[in-house]
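Text of structure19.tsv (TSV, N, CA and C atoms) as supplied:
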chain	number	residue	atom	x	y	z
A	1	MET	N	-12.04	-48.87	-38.33
A	1	MET	CA	-13.26	-48.14	-38.11
A	1	MET	C	-13.64	-48.28	-36.63
A	2	SER	N	-13.84	-47.16	-35.99
A	2	SER	CA	-14.15	-47.20	-34.56
A	2	SER	C	-15.60	-47.63	-34.33
A	3	ASN	N	-15.87	-48.01	-33.11
A	3	ASN	CA	-17.20	-48.47	-32.75
A	3	ASN	C	-18.24	-47.37	-32.96
A	4	GLY	N	-17.89	-46.12	-32.61
A	4	GLY	CA	-18.81	-44.99	-32.80
A	4	GLY	C	-19.12	-44.74	-34.26
A	5	THR	N	-18.10	-44.86	-35.10
A	5	THR	CA	-18.30	-44.65	-36.53
A	5	THR	C	-19.22	-45.72	-37.11
A	6	LEU	N	-19.03	-46.95	-36.65
A	6	LEU	CA	-19.87	-48.04	-37.11
A	6	LEU	C	-21.33	-47.79	-36.75
A	7	TRP	N	-21.59	-47.33	-35.53
A	7	TRP	CA	-22.95	-47.02	-35.11
A	7	TRP	C	-23.53	-45.85	-35.91
A	8	ALA	N	-22.70	-44.86	-36.19
A	8	ALA	CA	-23.16	-43.71	-36.98
A	8	ALA	C	-23.55	-44.14	-38.39
A	9	VAL	N	-22.73	-44.99	-39.00
A	9	VAL	CA	-23.04	-45.49	-40.34
A	9	VAL	C	-24.32	-46.32	-40.32
A	10	LEU	N	-24.47	-47.17	-39.31
A	10	LEU	CA	-25.66	-47.99	-39.19
A	10	LEU	C	-26.91	-47.12	-39.04
A	11	CYS	N	-26.84	-46.10	-38.20
A	11	CYS	CA	-27.97	-45.18	-38.03
A	11	CYS	C	-28.28	-44.44	-39.33
A	12	ALA	N	-27.26	-44.03	-40.04
A	12	ALA	CA	-27.46	-43.32	-41.31
A	12	ALA	C	-28.11	-44.24	-42.35
A	13	VAL	N	-27.70	-45.49	-42.39
A	13	VAL	CA	-28.29	-46.45	-43.33
A	13	VAL	C	-29.77	-46.67	-43.01
A	14	VAL	N	-30.09	-46.83	-41.74
A	14	VAL	CA	-31.48	-47.00	-41.33
A	14	VAL	C	-32.28	-45.75	-41.70
A	15	ALA	N	-31.70	-44.56	-41.51
A	15	ALA	CA	-32.38	-43.31	-41.86
A	15	ALA	C	-32.68	-43.27	-43.36
A	16	VAL	N	-31.70	-43.64	-44.17
A	16	VAL	CA	-31.90	-43.62	-45.63
A	16	VAL	C	-33.01	-44.62	-46.02
A	17	LEU	N	-33.02	-45.79	-45.41
A	17	LEU	CA	-34.07	-46.76	-45.70
A	17	LEU	C	-35.44	-46.23	-45.31
A	18	LEU	N	-35.54	-45.63	-44.14
A	18	LEU	CA	-36.82	-45.07	-43.70
A	18	LEU	C	-37.26	-43.93	-44.60
A	19	PHE	N	-36.34	-43.08	-45.04
A	19	PHE	CA	-36.68	-42.01	-45.98
A	19	PHE	C	-37.19	-42.60	-47.30
A	20	GLY	N	-36.56	-43.67	-47.75
A	20	GLY	CA	-37.00	-44.34	-48.99
A	20	GLY	C	-38.40	-44.90	-48.86
A	21	PHE	N	-38.69	-45.56	-47.73
A	21	PHE	CA	-40.03	-46.09	-47.50
A	21	PHE	C	-41.06	-44.97	-47.39
A	22	ALA	N	-40.68	-43.86	-46.76
A	22	ALA	CA	-41.58	-42.71	-46.65
A	22	ALA	C	-41.88	-42.14	-48.03
A	23	TRP	N	-40.85	-42.04	-48.87
A	23	TRP	CA	-41.03	-41.52	-50.23
A	23	TRP	C	-41.96	-42.44	-51.01
A	24	ARG	N	-41.76	-43.75	-50.89
A	24	ARG	CA	-42.60	-44.71	-51.60
A	24	ARG	C	-44.06	-44.59	-51.14
A	25	GLU	N	-44.27	-44.49	-49.85
A	25	GLU	CA	-45.62	-44.36	-49.32
A	25	GLU	C	-46.27	-43.07	-49.79
A	26	ALA	N	-45.53	-41.97	-49.79
A	26	ALA	CA	-46.05	-40.69	-50.27
A	26	ALA	C	-46.38	-40.76	-51.76
A	27	ALA	N	-45.58	-41.49	-52.53
A	27	ALA	CA	-45.84	-41.64	-53.97
A	27	ALA	C	-47.14	-42.43	-54.20
A	28	VAL	N	-47.37	-43.46	-53.40
A	28	VAL	CA	-48.61	-44.24	-53.52
A	28	VAL	C	-49.81	-43.34	-53.21
A	29	VAL	N	-49.71	-42.56	-52.15
A	29	VAL	CA	-50.81	-41.66	-51.77
A	29	VAL	C	-51.05	-40.62	-52.86
A	30	ARG	N	-49.98	-40.08	-53.42
A	30	ARG	CA	-50.11	-39.09	-54.49
A	30	ARG	C	-50.80	-39.70	-55.71
A	31	ARG	N	-50.40	-40.91	-56.06
A	31	ARG	CA	-51.01	-41.60	-57.20
A	31	ARG	C	-52.50	-41.87	-56.93
A	32	LEU	N	-52.83	-42.26	-55.70
A	32	LEU	CA	-54.23	-42.50	-55.37
A	32	LEU	C	-55.04	-41.21	-55.40
A	33	ARG	N	-54.47	-40.13	-54.94
A	33	ARG	CA	-55.19	-38.84	-54.95
A	33	ARG	C	-55.43	-38.36	-56.36
A	34	ARG	N	-54.47	-38.59	-57.26
A	34	ARG	CA	-54.61	-38.11	-58.64
A	34	ARG	C	-55.50	-39.01	-59.49
A	35	GLY	N	-55.32	-40.31	-59.39
A	35	GLY	CA	-56.04	-41.20	-60.30
A	35	GLY	C	-56.77	-42.33	-59.62
A	36	GLY	N	-56.91	-42.26	-58.31
A	36	GLY	CA	-57.59	-43.33	-57.59
A	36	GLY	C	-59.10	-43.27	-57.76
A	37	ILE	N	-59.72	-44.37	-57.47
A	37	ILE	CA	-61.18	-44.48	-57.56
A	37	ILE	C	-61.74	-44.37	-56.15
A	38	ALA	N	-62.60	-43.40	-55.96
A	38	ALA	CA	-63.19	-43.18	-54.64
A	38	ALA	C	-64.46	-44.00	-54.51
A	39	THR	N	-64.66	-44.58	-53.36
A	39	THR	CA	-65.85	-45.36	-53.06
A	39	THR	C	-66.08	-45.33	-51.55
A	40	ARG	N	-67.03	-46.07	-51.10
A	40	ARG	CA	-67.31	-46.18	-49.66
A	40	ARG	C	-67.03	-47.61	-49.24
A	41	GLY	N	-66.47	-47.76	-48.07
A	41	GLY	CA	-66.22	-49.07	-47.51
A	41	GLY	C	-66.88	-49.19	-46.16
A	42	VAL	N	-66.99	-50.40	-45.67
A	42	VAL	CA	-67.59	-50.65	-44.37
A	42	VAL	C	-66.61	-51.43	-43.52
A	43	VAL	N	-66.45	-51.02	-42.27
A	43	VAL	CA	-65.60	-51.76	-41.34
A	43	VAL	C	-66.37	-53.02	-40.95
A	44	VAL	N	-65.86	-54.17	-41.42
A	44	VAL	CA	-66.57	-55.43	-41.20
A	44	VAL	C	-66.06	-56.19	-39.99
A	45	ASP	N	-64.88	-55.84	-39.50
A	45	ASP	CA	-64.31	-56.57	-38.37
A	45	ASP	C	-63.19	-55.75	-37.76
A	46	ASN	N	-62.83	-56.07	-36.57
A	46	ASN	CA	-61.64	-55.55	-35.92
A	46	ASN	C	-60.88	-56.76	-35.41
A	47	THR	N	-59.69	-56.97	-35.94
A	47	THR	CA	-58.90	-58.13	-35.54
A	47	THR	C	-57.80	-57.70	-34.59
A	48	GLN	N	-57.48	-58.57	-33.67
A	48	GLN	CA	-56.43	-58.29	-32.70
A	48	GLN	C	-55.11	-58.85	-33.23
A	49	VAL	N	-54.10	-57.99	-33.28
A	49	VAL	CA	-52.78	-58.41	-33.73
A	49	VAL	C	-51.76	-58.06	-32.66
A	50	ALA	N	-50.69	-58.85	-32.63
A	50	ALA	CA	-49.60	-58.59	-31.67
A	50	ALA	C	-48.75	-57.44	-32.21
A	51	ASP	N	-48.36	-56.57	-31.31
A	51	ASP	CA	-47.52	-55.42	-31.65
A	51	ASP	C	-46.42	-55.34	-30.60
A	52	ASP	N	-45.46	-54.45	-30.82
A	52	ASP	CA	-44.38	-54.27	-29.85
A	52	ASP	C	-44.92	-53.86	-28.48
A	53	ASP	N	-46.02	-53.12	-28.48
A	53	ASP	CA	-46.61	-52.62	-27.23
A	53	ASP	C	-47.68	-53.55	-26.68
A	54	GLY	N	-47.82	-54.73	-27.24
A	54	GLY	CA	-48.86	-55.66	-26.80
A	54	GLY	C	-49.78	-55.97	-27.96
A	55	HIS	N	-51.08	-56.07	-27.68
A	55	HIS	CA	-52.06	-56.37	-28.72
A	55	HIS	C	-52.82	-55.09	-29.07
A	56	ILE	N	-53.04	-54.89	-30.36
A	56	ILE	CA	-53.84	-53.75	-30.81
A	56	ILE	C	-54.95	-54.28	-31.71
A	57	TRP	N	-55.99	-53.49	-31.85
A	57	TRP	CA	-57.11	-53.84	-32.71
A	57	TRP	C	-56.94	-53.13	-34.04
A	58	VAL	N	-57.04	-53.90	-35.12
A	58	VAL	CA	-56.87	-53.36	-36.47
A	58	VAL	C	-58.18	-53.58	-37.23
A	59	PRO	N	-58.75	-52.50	-37.79
A	59	PRO	CA	-60.01	-52.66	-38.53
A	59	PRO	C	-59.79	-53.37	-39.87
A	60	VAL	N	-60.79	-54.13	-40.28
A	60	VAL	CA	-60.83	-54.76	-41.60
A	60	VAL	C	-61.95	-54.08	-42.35
A	61	ILE	N	-61.61	-53.49	-43.51
A	61	ILE	CA	-62.57	-52.71	-44.28
A	61	ILE	C	-62.86	-53.44	-45.58
A	62	ALA	N	-64.12	-53.51	-45.93
A	62	ALA	CA	-64.54	-54.17	-47.16
A	62	ALA	C	-65.21	-53.16	-48.08
A	63	PHE	N	-64.96	-53.31	-49.39
A	63	PHE	CA	-65.63	-52.50	-50.40
A	63	PHE	C	-65.70	-53.32	-51.68
A	64	HIS	N	-66.48	-52.83	-52.63
A	64	HIS	CA	-66.59	-53.50	-53.93
A	64	HIS	C	-65.89	-52.64	-54.97
A	65	ASP	N	-64.99	-53.26	-55.75
A	65	ASP	CA	-64.28	-52.52	-56.79
A	65	ASP	C	-65.17	-52.36	-58.02
A	66	GLN	N	-64.64	-51.76	-59.08
A	66	GLN	CA	-65.44	-51.48	-60.28
A	66	GLN	C	-65.94	-52.74	-60.98
A	67	GLN	N	-65.24	-53.85	-60.79
A	67	GLN	CA	-65.67	-55.10	-61.40
A	67	GLN	C	-66.69	-55.84	-60.51
A	68	GLY	N	-67.01	-55.29	-59.37
A	68	GLY	CA	-67.97	-55.88	-58.47
A	68	GLY	C	-67.38	-56.88	-57.48
A	69	HIS	N	-66.04	-57.02	-57.49
A	69	HIS	CA	-65.39	-57.94	-56.56
A	69	HIS	C	-65.30	-57.32	-55.17
A	70	ARG	N	-65.53	-58.14	-54.19
A	70	ARG	CA	-65.38	-57.68	-52.80
A	70	ARG	C	-63.89	-57.68	-52.45
A	71	VAL	N	-63.42	-56.57	-51.93
A	71	VAL	CA	-62.02	-56.42	-51.53
A	71	VAL	C	-61.99	-56.07	-50.05
A	72	GLU	N	-61.14	-56.74	-49.31
A	72	GLU	CA	-60.94	-56.43	-47.90
A	72	GLU	C	-59.51	-56.00	-47.68
A	73	PHE	N	-59.31	-55.02	-46.82
A	73	PHE	CA	-57.96	-54.57	-46.48
A	73	PHE	C	-57.97	-54.01	-45.07
A	74	SER	N	-56.78	-53.90	-44.52
A	74	SER	CA	-56.58	-53.26	-43.22
A	74	SER	C	-55.72	-52.02	-43.43
A	75	PRO	N	-56.07	-50.92	-42.78
A	75	PRO	CA	-55.26	-49.70	-42.93
A	75	PRO	C	-53.82	-49.92	-42.47
A	76	ARG	N	-52.90	-49.22	-43.13
A	76	ARG	CA	-51.49	-49.34	-42.79
A	76	ARG	C	-51.17	-48.61	-41.49
A	77	MET	N	-51.91	-47.56	-41.21
A	77	MET	CA	-51.67	-46.79	-40.00
A	77	MET	C	-52.40	-47.45	-38.85
A	78	ARG	N	-51.65	-47.82	-37.83
A	78	ARG	CA	-52.22	-48.53	-36.69
A	78	ARG	C	-51.77	-47.88	-35.40
A	79	GLY	N	-52.50	-48.13	-34.34
A	79	GLY	CA	-52.10	-47.61	-33.05
A	79	GLY	C	-53.23	-46.88	-32.37
A	80	THR	N	-52.91	-46.22	-31.29
A	80	THR	CA	-53.89	-45.50	-30.50
A	80	THR	C	-54.54	-44.40	-31.34
A	81	GLY	N	-55.85	-44.36	-31.32
A	81	GLY	CA	-56.58	-43.34	-32.05
A	81	GLY	C	-56.82	-43.66	-33.51
A	82	MET	N	-56.34	-44.80	-33.98
A	82	MET	CA	-56.49	-45.16	-35.39
A	82	MET	C	-57.61	-46.17	-35.62
A	83	GLY	N	-58.26	-46.61	-34.56
A	83	GLY	CA	-59.31	-47.61	-34.69
A	83	GLY	C	-60.56	-47.06	-35.35
A	84	LEU	N	-61.32	-47.96	-35.94
A	84	LEU	CA	-62.59	-47.61	-36.55
A	84	LEU	C	-63.63	-48.62	-36.06
A	85	ALA	N	-64.79	-48.15	-35.68
A	85	ALA	CA	-65.82	-49.01	-35.12
A	85	ALA	C	-66.41	-49.93	-36.18
A	86	THR	N	-66.68	-51.16	-35.80
A	86	THR	CA	-67.31	-52.12	-36.70
A	86	THR	C	-68.67	-51.59	-37.14
A	87	GLY	N	-68.93	-51.71	-38.45
A	87	GLY	CA	-70.19	-51.21	-39.01
A	87	GLY	C	-70.11	-49.80	-39.55
A	88	ARG	N	-69.05	-49.10	-39.23
A	88	ARG	CA	-68.90	-47.72	-39.69
A	88	ARG	C	-68.59	-47.67	-41.18
A	89	GLU	N	-69.20	-46.74	-41.87
A	89	GLU	CA	-68.91	-46.53	-43.29
A	89	GLU	C	-67.81	-45.49	-43.41
A	90	VAL	N	-66.79	-45.78	-44.23
A	90	VAL	CA	-65.64	-44.89	-44.36
A	90	VAL	C	-65.35	-44.64	-45.84
A	91	PRO	N	-64.81	-43.44	-46.15
A	91	PRO	CA	-64.40	-43.19	-47.54
A	91	PRO	C	-63.13	-43.96	-47.86
A	92	VAL	N	-63.09	-44.56	-49.04
A	92	VAL	CA	-61.96	-45.38	-49.47
A	92	VAL	C	-61.53	-44.91	-50.86
A	93	VAL	N	-60.24	-44.94	-51.11
A	93	VAL	CA	-59.71	-44.68	-52.45
A	93	VAL	C	-58.76	-45.82	-52.80
A	94	TYR	N	-58.85	-46.29	-54.05
A	94	TYR	CA	-58.01	-47.42	-54.46
A	94	TYR	C	-57.58	-47.27	-55.92
A	95	ASP	N	-56.53	-47.98	-56.28
A	95	ASP	CA	-56.04	-48.04	-57.66
A	95	ASP	C	-56.86	-49.10	-58.38
A	96	GLY	N	-57.45	-48.76	-59.52
A	96	GLY	CA	-58.30	-49.67	-60.25
A	96	GLY	C	-57.59	-50.95	-60.67
A	97	ARG	N	-56.28	-50.88	-60.92
A	97	ARG	CA	-55.52	-52.07	-61.32
A	97	ARG	C	-55.08	-52.90	-60.13
A	98	HIS	N	-54.95	-52.26	-58.97
A	98	HIS	CA	-54.48	-52.94	-57.75
A	98	HIS	C	-55.35	-52.52	-56.57
A	99	PRO	N	-56.55	-53.11	-56.46
A	99	PRO	CA	-57.47	-52.69	-55.39
A	99	PRO	C	-56.90	-52.89	-53.98
A	100	GLN	N	-55.93	-53.78	-53.81
A	100	GLN	CA	-55.36	-54.00	-52.48
A	100	GLN	C	-54.54	-52.81	-51.99
A	101	THR	N	-54.25	-51.84	-52.86
A	101	THR	CA	-53.54	-50.64	-52.43
A	101	THR	C	-54.49	-49.62	-51.79
A	102	ALA	N	-55.69	-50.04	-51.49
A	102	ALA	CA	-56.70	-49.13	-50.96
A	102	ALA	C	-56.25	-48.47	-49.67
A	103	ARG	N	-56.72	-47.26	-49.49
A	103	ARG	CA	-56.46	-46.50	-48.27
A	103	ARG	C	-57.75	-45.87	-47.80
A	104	VAL	N	-57.91	-45.74	-46.49
A	104	VAL	CA	-59.03	-44.98	-45.94
A	104	VAL	C	-58.74	-43.53	-46.27
A	105	GLN	N	-59.69	-42.85	-46.88
A	105	GLN	CA	-59.46	-41.49	-47.36
A	105	GLN	C	-59.70	-40.46	-46.26
A	106	VAL	N	-58.88	-40.58	-45.23
A	106	VAL	CA	-58.84	-39.65	-44.11
A	106	VAL	C	-57.37	-39.31	-43.92
A	107	TRP	N	-57.06	-38.04	-43.63
A	107	TRP	CA	-55.67	-37.60	-43.61
A	107	TRP	C	-54.79	-38.49	-42.75
A	108	ARG	N	-55.22	-38.82	-41.56
A	108	ARG	CA	-54.36	-39.59	-40.65
A	108	ARG	C	-54.07	-40.98	-41.19
A	109	HIS	N	-54.99	-41.55	-41.96
A	109	HIS	CA	-54.74	-42.86	-42.55
A	109	HIS	C	-53.99	-42.76	-43.88
A	110	MET	N	-54.19	-41.67	-44.61
A	110	MET	CA	-53.51	-41.49	-45.90
A	110	MET	C	-52.04	-41.10	-45.69
A	111	MET	N	-51.81	-40.09	-44.88
A	111	MET	CA	-50.46	-39.54	-44.73
A	111	MET	C	-49.74	-40.01	-43.48
A	112	GLY	N	-50.45	-40.62	-42.55
A	112	GLY	CA	-49.85	-41.08	-41.31
A	112	GLY	C	-48.63	-41.97	-41.49
A	113	PRO	N	-48.72	-43.01	-42.34
A	113	PRO	CA	-47.54	-43.88	-42.51
A	113	PRO	C	-46.33	-43.13	-43.05
A	114	ALA	N	-46.53	-42.26	-44.04
A	114	ALA	CA	-45.40	-41.52	-44.62
A	114	ALA	C	-44.78	-40.57	-43.58
A	115	VAL	N	-45.64	-39.89	-42.83
A	115	VAL	CA	-45.14	-38.95	-41.81
A	115	VAL	C	-44.39	-39.71	-40.71
A	116	SER	N	-44.93	-40.85	-40.29
A	116	SER	CA	-44.26	-41.65	-39.25
A	116	SER	C	-42.90	-42.14	-39.71
A	117	LEU	N	-42.83	-42.62	-40.95
A	117	LEU	CA	-41.55	-43.08	-41.49
A	117	LEU	C	-40.56	-41.91	-41.63
A	118	LEU	N	-41.05	-40.76	-42.05
A	118	LEU	CA	-40.19	-39.58	-42.18
A	118	LEU	C	-39.64	-39.16	-40.82
A	119	LEU	N	-40.49	-39.15	-39.80
A	119	LEU	CA	-40.02	-38.79	-38.45
A	119	LEU	C	-39.01	-39.81	-37.92
A	120	GLY	N	-39.27	-41.08	-38.18
A	120	GLY	CA	-38.31	-42.11	-37.78
A	120	GLY	C	-36.98	-41.94	-38.47
A	121	GLY	N	-37.01	-41.63	-39.76
A	121	GLY	CA	-35.77	-41.38	-40.50
A	121	GLY	C	-35.01	-40.18	-39.96
A	122	MET	N	-35.75	-39.13	-39.61
A	122	MET	CA	-35.11	-37.94	-39.03
A	122	MET	C	-34.47	-38.26	-37.69
A	123	ALA	N	-35.13	-39.11	-36.89
A	123	ALA	CA	-34.58	-39.49	-35.59
A	123	ALA	C	-33.27	-40.26	-35.76
A	124	PHE	N	-33.26	-41.22	-36.69
A	124	PHE	CA	-32.03	-41.98	-36.91
A	124	PHE	C	-30.93	-41.13	-37.52
A	125	LEU	N	-31.29	-40.20	-38.41
A	125	LEU	CA	-30.28	-39.30	-38.97
A	125	LEU	C	-29.72	-38.40	-37.88
A	126	GLY	N	-30.59	-37.90	-37.00
A	126	GLY	CA	-30.13	-37.10	-35.88
A	126	GLY	C	-29.20	-37.88	-34.95
A	127	ALA	N	-29.54	-39.15	-34.72
A	127	ALA	CA	-28.67	-40.00	-33.88
A	127	ALA	C	-27.31	-40.18	-34.55
A	128	ALA	N	-27.30	-40.39	-35.87
A	128	ALA	CA	-26.03	-40.55	-36.59
A	128	ALA	C	-25.18	-39.28	-36.46
A	129	ILE	N	-25.82	-38.13	-36.59
A	129	ILE	CA	-25.09	-36.86	-36.49
A	129	ILE	C	-24.55	-36.67	-35.08
A	130	LEU	N	-25.35	-36.99	-34.08
A	130	LEU	CA	-24.87	-36.86	-32.69
A	130	LEU	C	-23.69	-37.79	-32.40
A	131	ILE	N	-23.75	-39.00	-32.94
A	131	ILE	CA	-22.65	-39.94	-32.73
A	131	ILE	C	-21.38	-39.44	-33.38
A	132	VAL	N	-21.50	-38.89	-34.59
A	132	VAL	CA	-20.32	-38.35	-35.28
A	132	VAL	C	-19.75	-37.16	-34.51
A	133	LEU	N	-20.62	-36.27	-34.04
A	133	LEU	CA	-20.15	-35.09	-33.31
A	133	LEU	C	-19.53	-35.47	-31.97
A	134	LYS	N	-20.03	-36.53	-31.36
A	134	LYS	CA	-19.51	-36.97	-30.06
A	134	LYS	C	-18.11	-37.56	-30.19
A	135	ASN	N	-17.85	-38.21	-31.33
A	135	ASN	CA	-16.54	-38.84	-31.52
A	135	ASN	C	-15.55	-37.87	-32.01
Structure re-expressed in structure tokens:
Amino acid sequence: MSNGTLWAVLCAVVAVLLFGFAWREAAVVRRLRRGGIATRGVVVDNTQVADDDGHIWVPVIAFHDQQGHRVEFSPRMRGTGMGLATGREVPVVYDGRHPQTARVQVWRHMMGPAVSLLLGGMAFLGAAILIVLKN
């Protein structure tokens, strides 16, 4: 197996994994849209986390589930333009059996992770195709 073929296979495997994660994320969002419980949450904090590009601020959102338990979560979509101001009230949707699956009910937070993973998978698949065509 040539070096180029090995890289093409590696890129294809990464693409398939990213497509799988994108599908899983889209399935969670679909399930939340169909049977999720809508409520309001409040941004209680913004924590600083290390990222590849340095440090970013990630909001911590709190809400009360149907049993009255306080649940805190951080949105999965992070990066520039994804921040939420402390004290802001935001729409939240969650699975009644698994409140930690909560998502901020805004398109960029609901579909952003799936779209990002899909684009990443397409990039790796494109790289695999280019490597195969080059060899």
_Need the shell around region 71-76 of chain A: protein/DNA/RNA residues with any atom at most 6 Å away, counting only C-alpha atoms. Skip same-chain ones fewer than 6 positions apart. Format as number ranges by chain?_
A: 59-64
*Which residue of A:Ala12, A:Ala123, A:Met111, A:Ala50 approaches Ala27 (chain A) most closely, using only C-alpha atoms*: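 Ranked by minimum distance to Ala27 (chain A), first place goes to A:Met111.
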*Write out as an MDAnalysis selection string all residues of region 34-119 of chain A that DSSP puts in strand (DSSP E) for this structure's backbone.*
chainID A and resid 37:51 54:64 70:73 89:94 103:104
*Hey, can you check how far atom C of Asp95 (chain A) sits from atom C of Ile37 (chain A)?*
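For atom C of Asp95 (chain A) relative to atom C of Ile37 (chain A), the distance reads 7.2 Å.
CA of Ala38 (chain A) lies 13.6 Å from atom N of Trp107 (chain A).
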*asked:* Just checking: using only N, CA and C atoms, which residue out of A:Leu17, A:Cys11, A:Ala22, A:Met77 ends up closest to His109 (chain A)?
replied: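 Result for the nearest residue to His109 (chain A): A:Met77.
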*Between A:Met122, A:Leu133, A:Ser116, A:Ala127, single out the one closest to Val16 (chain A), counting all atoms listed in the file.*
A:Met122
*Selected residue, from A:His69, A:Gln48, A:Ala15, A:Val28, that lies nearest to Gly126 (chain A) when counting only N, CA and C atoms*: A:Ala15
*Would you please give, as JSON, numbers by chain, all residues of chain A that DSSP assigns to alpha helix (DSSP H) based on the backbone?*
{"A": [3, 4, 5, 6, 7, 8, 9, 10, 11, 12, 13, 14, 15, 16, 17, 18, 19, 20, 21, 22, 23, 24, 25, 26, 27, 28, 29, 30, 31, 32, 33, 34, 35, 107, 108, 109, 110, 112, 113, 114, 115, 116, 117, 118, 119, 120, 121, 122, 123, 124, 125, 126, 127, 128, 129, 130, 131, 132, 133, 134]}
